[in-house]
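Peer 1: Have a look at this one.
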Amino acid sequence: MKNPLVIALGGNALQSGKGPANAASQLAVIQNTAGQLVRILQTGQPLAIVHGNGPQVGRILLQNEAAAAITPAMPLDVCGAMSQGMIGYHIQQALGQRMAAAGLPGRPVTLVTQVRVSAEDPAFDRPSKPIGPFYTQDKAEWIAKEKGFVFREDAGRGWRRVVASPLPLEVVELAQVRALLDAGFVPITAGGGGIPVVSTPTGLAGVAAVIDKDLAAWRLAEGLEAATLVILTEVEHACLRYGQADEQPLLRVGADELRAHQKAGHFAEGSMGPKVEAALRFVEGGSGRRAVITRLDLALEGLSGERGTQVLG
Ligand code: ADP
Ligand code: MG
């Protein structure tokens, strides 16, 4: 197999900020995304797709919560698996149709994917990732006592559960992803960063945590010895002084220079921060590697090196 390409899709590839959060509008957005992915597949490179799941898993949690008196609420790891299936289904359908129409061989296939984390990861001591619905302080305190969840006040909007965001150590189904690529399929894998699992004496066990999808994409790219990691999002570039009058887009940037910008605090935690970290870890892990951060509709131009932020080792 040629060295594959790993693409990480951001929230804007799956859902519009405007339309309703229903199935039809999710599918419509994903159909557009599939058009971008087909442009890349037409280059003939094998491709593995990773996607986010923040809003989707948030809604699944809310549904489970609201229906808890009728049918048992599923824990976060199971909700993560549901979101992989739900989003993967739409990508499979939309991309499958587009690939067939373009006369491309192979078909997309969704893999429910676990990603191993360490139970000793320091992130478990300071949960930081807000998930699911907002609660009043009273309700949050009650649930905290009942279930041992940790809550934090979220920017004046109410109380929200927070979970750890541990470092991905290994894509458990890496061999399966490889086999799918070798067979000419397009795997949709590690959705939402993968389902976080830890090793126990009796096997793998799901944990209540959220793995950053950009870092999961790095781990997958590493495992697959990918040639390029492409992180698609809402902005064309990672910028210095983002949002300020003297904002400066990064075009071609070396790892050392990018690390220095990161240390200087240019990339916001929880948004551009993990993308830059994933790009850096990838290019620092081997020679001749390249990572690209750019806008979804510039995917092909980013891959060919013309647009976006090109991170070089
Ligand atoms: P995704 O769903 O694709 O992961 P995020 O919202 O998590 O998207 O991250 C992308 C966002 O990061 C951009 O839309 C932008 O608003 C924000 N951002 C924060 N810091 C920067 C920066 N230094 N350069 C560019 N964008 C930045
Ligand atoms: Mg993000």
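Just so we're on the same page: first chain in the structure tokens is A, next is B, and so on; residues restart at 1 for each chain, and ligands are numbered from 1 in the order they show up.
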Just list as a ChimeraX atom specification whatever in segment 9-97 of chain A DSSP marks as helix (DSSP H, G or I).
Peer 2: /A:11-13,23-41,54-66,76-97
Peer 1: Dump the neighbourhood of ligand 2 as a ChimeraX atom specification: all residues within 8 Å, distances computed on only C-alpha atoms and all ligand atoms.
Peer 2: /A:10-11,52,212-214,270-272,274-275
Peer 1: List every residue of chain A that has an atom at most 8 Å from any atom of ligand 1, and for each one report the closest atom pair and its distance in Å to one decimal, counting only C-alpha atoms and all ligand atoms, with rows sorted by chain and then by increasing residue number, as CSV.
Peer 2:
```
residue,atom,partner,partner_atom_place_in_ligand_line,distance
A:Leu9,CA,ligand 1,3 (O),6.4
A:Gly10,CA,ligand 1,3 (O),3.2
A:Gly11,CA,ligand 1,2 (O),3.6
A:Asn12,CA,ligand 1,2 (O),6.0
A:Ala13,CA,ligand 1,3 (O),7.8
A:Gly52,CA,ligand 1,2 (O),6.6
A:Lys213,CA,ligand 1,4 (O),7.6
A:Asp214,CA,ligand 1,4 (O),7.3
A:Ile231,CA,ligand 1,3 (O),7.7
A:Leu232,CA,ligand 1,3 (O),6.2
A:Thr233,CA,ligand 1,3 (O),3.7
A:Glu234,CA,ligand 1,14 (O),4.7
A:Val235,CA,ligand 1,14 (O),5.3
A:Glu236,CA,ligand 1,25 (C),7.8
A:His237,CA,ligand 1,25 (C),5.8
A:Ala238,CA,ligand 1,24 (N),3.8
A:Cys239,CA,ligand 1,24 (N),3.8
A:Leu240,CA,ligand 1,23 (N),5.3
A:Arg241,CA,ligand 1,23 (N),6.3
A:Tyr242,CA,ligand 1,23 (N),4.5
A:Gly243,CA,ligand 1,22 (C),7.7
A:Pro249,CA,ligand 1,24 (N),7.4
A:His266,CA,ligand 1,23 (N),5.1
A:Phe267,CA,ligand 1,23 (N),4.1
A:Ala268,CA,ligand 1,20 (N),4.4
A:Glu269,CA,ligand 1,19 (C),7.6
A:Gly270,CA,ligand 1,7 (O),6.0
A:Ser271,CA,ligand 1,7 (O),3.4
A:Met272,CA,ligand 1,12 (O),4.3
A:Gly273,CA,ligand 1,20 (N),6.9
A:Lys275,CA,ligand 1,4 (O),7.5
```
Peer 1: Neighbouring residues of segment 43-49 of chain A were defined as those with any atom within 7 Å, considering only C-alpha atoms; residues of the same chain fewer than 5 positions away were excluded. Please report them as a PyMOL selection string.
Peer 2: chain A and resi 4-8+181+186-189
Peer 1: Those same residues - N, CA, C and O atoms - I'd like them written as a JSON list (two decimals), in the first residue's frame.
Peer 2:
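Okay, this is what ended up in result36.json:
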```json
[["chain", "number", "residue", "atom", "x", "y", "z"],
["A", 4, "PRO", "N", -0.67, 6.16, 3.27],
["A", 4, "PRO", "CA", -1.97, 6.84, 3.18],
["A", 4, "PRO", "C", -1.91, 8.27, 3.69],
["A", 4, "PRO", "O", -0.92, 8.73, 4.23],
["A", 5, "LEU", "N", -3.03, 8.90, 3.50],
["A", 5, "LEU", "CA", -3.23, 10.26, 3.94],
["A", 5, "LEU", "C", -4.27, 10.18, 5.08],
["A", 5, "LEU", "O", -5.20, 9.40, 4.97],
["A", 6, "VAL", "N", -4.06, 10.96, 6.12],
["A", 6, "VAL", "CA", -5.09, 11.03, 7.17],
["A", 6, "VAL", "C", -5.70, 12.41, 7.15],
["A", 6, "VAL", "O", -4.98, 13.42, 7.15],
["A", 7, "ILE", "N", -7.02, 12.45, 7.09],
["A", 7, "ILE", "CA", -7.74, 13.72, 7.10],
["A", 7, "ILE", "C", -8.58, 13.82, 8.36],
["A", 7, "ILE", "O", -9.32, 12.88, 8.70],
["A", 8, "ALA", "N", -8.47, 14.93, 9.08],
["A", 8, "ALA", "CA", -9.32, 15.19, 10.24],
["A", 8, "ALA", "C", -10.36, 16.23, 9.85],
["A", 8, "ALA", "O", -10.01, 17.33, 9.40],
["A", 181, "LEU", "N", -7.60, -0.25, 4.34],
["A", 181, "LEU", "CA", -6.87, 0.55, 3.35],
["A", 181, "LEU", "C", -6.24, -0.35, 2.29],
["A", 181, "LEU", "O", -6.32, -0.06, 1.09],
["A", 186, "VAL", "N", -12.10, 3.13, 2.09],
["A", 186, "VAL", "CA", -11.81, 4.41, 2.74],
["A", 186, "VAL", "C", -12.35, 4.34, 4.17],
["A", 186, "VAL", "O", -13.54, 4.53, 4.39],
["A", 187, "PRO", "N", -11.49, 4.03, 5.14],
["A", 187, "PRO", "CA", -11.99, 3.89, 6.51],
["A", 187, "PRO", "C", -12.34, 5.23, 7.15],
["A", 187, "PRO", "O", -11.60, 6.21, 7.02],
["A", 188, "ILE", "N", -13.48, 5.25, 7.82],
["A", 188, "ILE", "CA", -13.90, 6.38, 8.66],
["A", 188, "ILE", "C", -13.67, 5.89, 10.07],
["A", 188, "ILE", "O", -14.34, 4.96, 10.53],
["A", 189, "THR", "N", -12.68, 6.45, 10.75],
["A", 189, "THR", "CA", -12.21, 5.82, 11.99],
["A", 189, "THR", "C", -11.84, 6.85, 13.05],
["A", 189, "THR", "O", -11.61, 8.02, 12.74]]
```
Peer 1: I need the residues of segment 165-276 of chain A that end up classed as strand (DSSP E) by DSSP on the backbone, written out as an MDAnalysis selection string.
Peer 2: chainID A and resid 170:171 186:188 195:200 203:206 228:233 239:240 248:249 252:254
Peer 1: For segment 254-263 of chain A, work out the shell of residues within 9 Å, counting only C-alpha atoms and skipping chain neighbours fewer than 3 positions away, then give it as a ChimeraX atom specification.
Peer 2: /A:240,250,266-267,273,276-277,279-281,283-284,310-313
Peer 1: Let me see the file: selected residues, N, CA and C atoms, as a short mmCIF file (atom, residue, chain, number, x, y, z; two decimals), in the first residue's frame.
Peer 2:
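File produced: result.cif:
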```cif
data_model
loop_
_atom_site.label_atom_id
_atom_site.label_comp_id
_atom_site.auth_asym_id
_atom_site.auth_seq_id
_atom_site.Cartn_x
_atom_site.Cartn_y
_atom_site.Cartn_z
N LEU A 240 -0.85 33.95 13.72
CA LEU A 240 -0.28 34.62 14.88
C LEU A 240 -1.20 35.79 15.22
N LEU A 250 0.08 31.97 9.04
CA LEU A 250 1.29 31.18 8.84
C LEU A 250 1.12 30.40 7.55
N HIS A 266 0.09 31.64 20.97
CA HIS A 266 -0.70 32.13 19.82
C HIS A 266 -1.94 31.29 19.49
N PHE A 267 -1.99 30.04 19.99
CA PHE A 267 -3.06 29.14 19.52
C PHE A 267 -3.96 28.73 20.68
N GLY A 273 -5.25 25.22 19.24
CA GLY A 273 -4.17 24.61 20.04
C GLY A 273 -3.92 23.15 19.71
N VAL A 276 -2.46 22.51 16.14
CA VAL A 276 -1.04 22.81 16.04
C VAL A 276 -0.23 21.71 16.74
N GLU A 277 -0.71 21.28 17.90
CA GLU A 277 0.00 20.22 18.64
C GLU A 277 0.03 18.93 17.82
N ALA A 279 -0.22 18.63 14.54
CA ALA A 279 0.65 18.84 13.38
C ALA A 279 2.12 18.72 13.80
N LEU A 280 2.46 19.35 14.93
CA LEU A 280 3.84 19.30 15.41
C LEU A 280 4.28 17.89 15.76
N ARG A 281 3.44 17.19 16.51
CA ARG A 281 3.80 15.82 16.91
C ARG A 281 4.01 14.96 15.67
N VAL A 283 4.89 15.90 12.44
CA VAL A 283 6.11 16.17 11.66
C VAL A 283 7.37 15.91 12.47
N GLU A 284 7.28 16.06 13.80
CA GLU A 284 8.46 15.80 14.64
C GLU A 284 8.73 14.30 14.77
N GLN A 310 1.21 25.17 6.01
CA GLN A 310 1.99 23.97 5.70
C GLN A 310 3.06 23.82 6.77
N VAL A 311 2.92 22.76 7.56
CA VAL A 311 3.87 22.53 8.65
C VAL A 311 4.89 21.48 8.20
N LEU A 312 6.15 21.88 8.21
CA LEU A 312 7.21 20.99 7.72
C LEU A 312 8.15 20.61 8.85
N GLY A 313 8.69 19.39 8.76
CA GLY A 313 9.54 18.87 9.84
C GLY A 313 10.89 19.58 9.93
#
```
Peer 1: Near Pro127 of chain A, counting only C-alpha atoms, which residues have an atom at most 10 Å away, once you skip same-chain residues fewer than 5 positions from it, shown as a PyMOL selection string?
Peer 2: chain A and resi 122+150-152+161-166+209-210
Peer 1: Using only C-alpha atoms, which residue out of A:Ile30, A:Pro75, A:Ala123, A:Leu303 lies closest to Gln93 of chain A?
Peer 2: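 Result for the nearest residue to Gln93 of chain A: A:Ile30.
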Peer 1: Excluding Arg98 of chain A and any residue of its chain fewer than 4 positions from it, enumerate the residues within 10 Å of it, using only C-alpha atoms, and give them as a PyMOL selection string.
Peer 2: chain A and resi 31-32+34-38+92-94+102-104+107
Peer 1: Grab the residues selected above and save them as a PDB file, in the first residue's frame with N, CA and C atoms.
Peer 2:
```
ATOM      1  N   GLN A  31     -22.914  15.966   2.591  1.00  0.00           N
ATOM      2  CA  GLN A  31     -22.853  15.779   1.132  1.00  0.00           C
ATOM      3  C   GLN A  31     -21.861  16.756   0.512  1.00  0.00           C
ATOM      4  N   ASN A  32     -21.880  17.977   1.000  1.00  0.00           N
ATOM      5  CA  ASN A  32     -20.928  18.969   0.531  1.00  0.00           C
ATOM      6  C   ASN A  32     -19.489  18.564   0.892  1.00  0.00           C
ATOM      7  N   ALA A  34     -18.436  15.570   1.357  1.00  0.00           N
ATOM      8  CA  ALA A  34     -18.077  14.414   0.529  1.00  0.00           C
ATOM      9  C   ALA A  34     -17.520  14.886  -0.821  1.00  0.00           C
ATOM     10  N   GLY A  35     -18.068  15.987  -1.339  1.00  0.00           N
ATOM     11  CA  GLY A  35     -17.568  16.541  -2.598  1.00  0.00           C
ATOM     12  C   GLY A  35     -16.099  16.933  -2.471  1.00  0.00           C
ATOM     13  N   GLN A  36     -15.731  17.516  -1.325  1.00  0.00           N
ATOM     14  CA  GLN A  36     -14.333  17.889  -1.091  1.00  0.00           C
ATOM     15  C   GLN A  36     -13.458  16.648  -0.983  1.00  0.00           C
ATOM     16  N   LEU A  37     -13.964  15.626  -0.303  1.00  0.00           N
ATOM     17  CA  LEU A  37     -13.168  14.401  -0.115  1.00  0.00           C
ATOM     18  C   LEU A  37     -12.942  13.685  -1.450  1.00  0.00           C
ATOM     19  N   VAL A  38     -13.943  13.746  -2.324  1.00  0.00           N
ATOM     20  CA  VAL A  38     -13.796  13.106  -3.636  1.00  0.00           C
ATOM     21  C   VAL A  38     -12.667  13.764  -4.434  1.00  0.00           C
ATOM     22  N   GLN A  92     -20.631   7.630   5.045  1.00  0.00           N
ATOM     23  CA  GLN A  92     -20.625   6.444   4.177  1.00  0.00           C
ATOM     24  C   GLN A  92     -21.593   6.603   3.014  1.00  0.00           C
ATOM     25  N   GLN A  93     -22.796   7.069   3.347  1.00  0.00           N
ATOM     26  CA  GLN A  93     -23.820   7.206   2.317  1.00  0.00           C
ATOM     27  C   GLN A  93     -23.449   8.303   1.303  1.00  0.00           C
ATOM     28  N   ALA A  94     -23.108   9.480   1.841  1.00  0.00           N
ATOM     29  CA  ALA A  94     -22.834  10.620   0.958  1.00  0.00           C
ATOM     30  C   ALA A  94     -21.575  10.391   0.136  1.00  0.00           C
ATOM     31  N   ALA A 102     -18.283   9.497  -9.401  1.00  0.00           N
ATOM     32  CA  ALA A 102     -17.008   9.934  -9.987  1.00  0.00           C
ATOM     33  C   ALA A 102     -16.238   8.763 -10.592  1.00  0.00           C
ATOM     34  N   GLY A 103     -16.811   7.575 -10.494  1.00  0.00           N
ATOM     35  CA  GLY A 103     -16.148   6.398 -11.069  1.00  0.00           C
ATOM     36  C   GLY A 103     -14.927   5.951 -10.282  1.00  0.00           C
ATOM     37  N   LEU A 104     -14.898   6.304  -8.996  1.00  0.00           N
ATOM     38  CA  LEU A 104     -13.755   5.913  -8.167  1.00  0.00           C
ATOM     39  C   LEU A 104     -13.935   4.500  -7.633  1.00  0.00           C
ATOM     40  N   ARG A 107     -14.867   1.892  -1.492  1.00  0.00           N
ATOM     41  CA  ARG A 107     -16.022   2.516  -0.860  1.00  0.00           C
ATOM     42  C   ARG A 107     -15.677   2.866   0.587  1.00  0.00           C
TER      43      ARG A 107
END
```
Peer 1: For a quick check of understanding, using only C-alpha atoms, which of A:Leu180, A:Leu76, A:Ala101, A:Leu41 has the smallest distance to Pro196 of chain A?
Peer 2: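 The answer is A:Leu76, which sits nearest to Pro196 of chain A.
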Peer 1: Given the choices A:Leu251, A:Gln56, A:Thr33, A:Ser287, which gets closest to Glu306 of chain A if the distance is worked out from only C-alpha atoms?
Peer 2: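 The closest residue to Glu306 of chain A is A:Leu251.
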Peer 1: Which residue gives the smallest distance to Lys2 of chain A among A:Thr228, A:Thr113, A:Asn53, A:Asn22, with only C-alpha atoms counted?
Peer 2: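 Counting only C-alpha atoms, the residue closest to Lys2 of chain A is A:Thr228.
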Peer 1: Would you pick out the contacts of Thr136 of chain A at 10 Å or less, using only C-alpha atoms, so that residues sharing its chain but fewer than 3 positions from it are not included, and give the list as a PyMOL selection string?
Peer 2: chain A and resi 139-142+153+157-160
Peer 1: Write out the residues from the selection above, keeping C-alpha atoms, as a short mmCIF file (atom, residue, chain, number, x, y, z; two decimals), in the first residue's frame.
Peer 2:
```cif
data_model
loop_
_atom_site.label_atom_id
_atom_site.label_comp_id
_atom_site.auth_asym_id
_atom_site.auth_seq_id
_atom_site.Cartn_x
_atom_site.Cartn_y
_atom_site.Cartn_z
CA LYS A 139 -29.28 20.08 39.74
CA ALA A 140 -25.54 19.89 39.05
CA GLU A 141 -24.79 19.42 42.75
CA TRP A 142 -27.43 16.71 42.99
CA GLU A 153 -19.72 26.79 35.71
CA ARG A 157 -24.51 29.86 30.82
CA GLY A 158 -25.00 27.36 33.64
CA TRP A 159 -23.26 24.31 35.06
CA ARG A 160 -21.83 21.67 32.81
#
```
Peer 1: Expressed in Å to a single decimal, how great is the separation between atom CA of Met99 of chain A and atom CA of Phe185 of chain A?
Peer 2: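 Spanning atom CA of Met99 of chain A to atom CA of Phe185 of chain A is a straight-line distance of 11.2 Å.
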Peer 1: May I ask which of the residues A:Met82, A:Leu220, A:Leu204, A:Ala227 is the closest one to Gln63 of chain A, counting only C-alpha atoms?
Peer 2: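 Ranked by minimum distance to Gln63 of chain A, first place goes to A:Met82.
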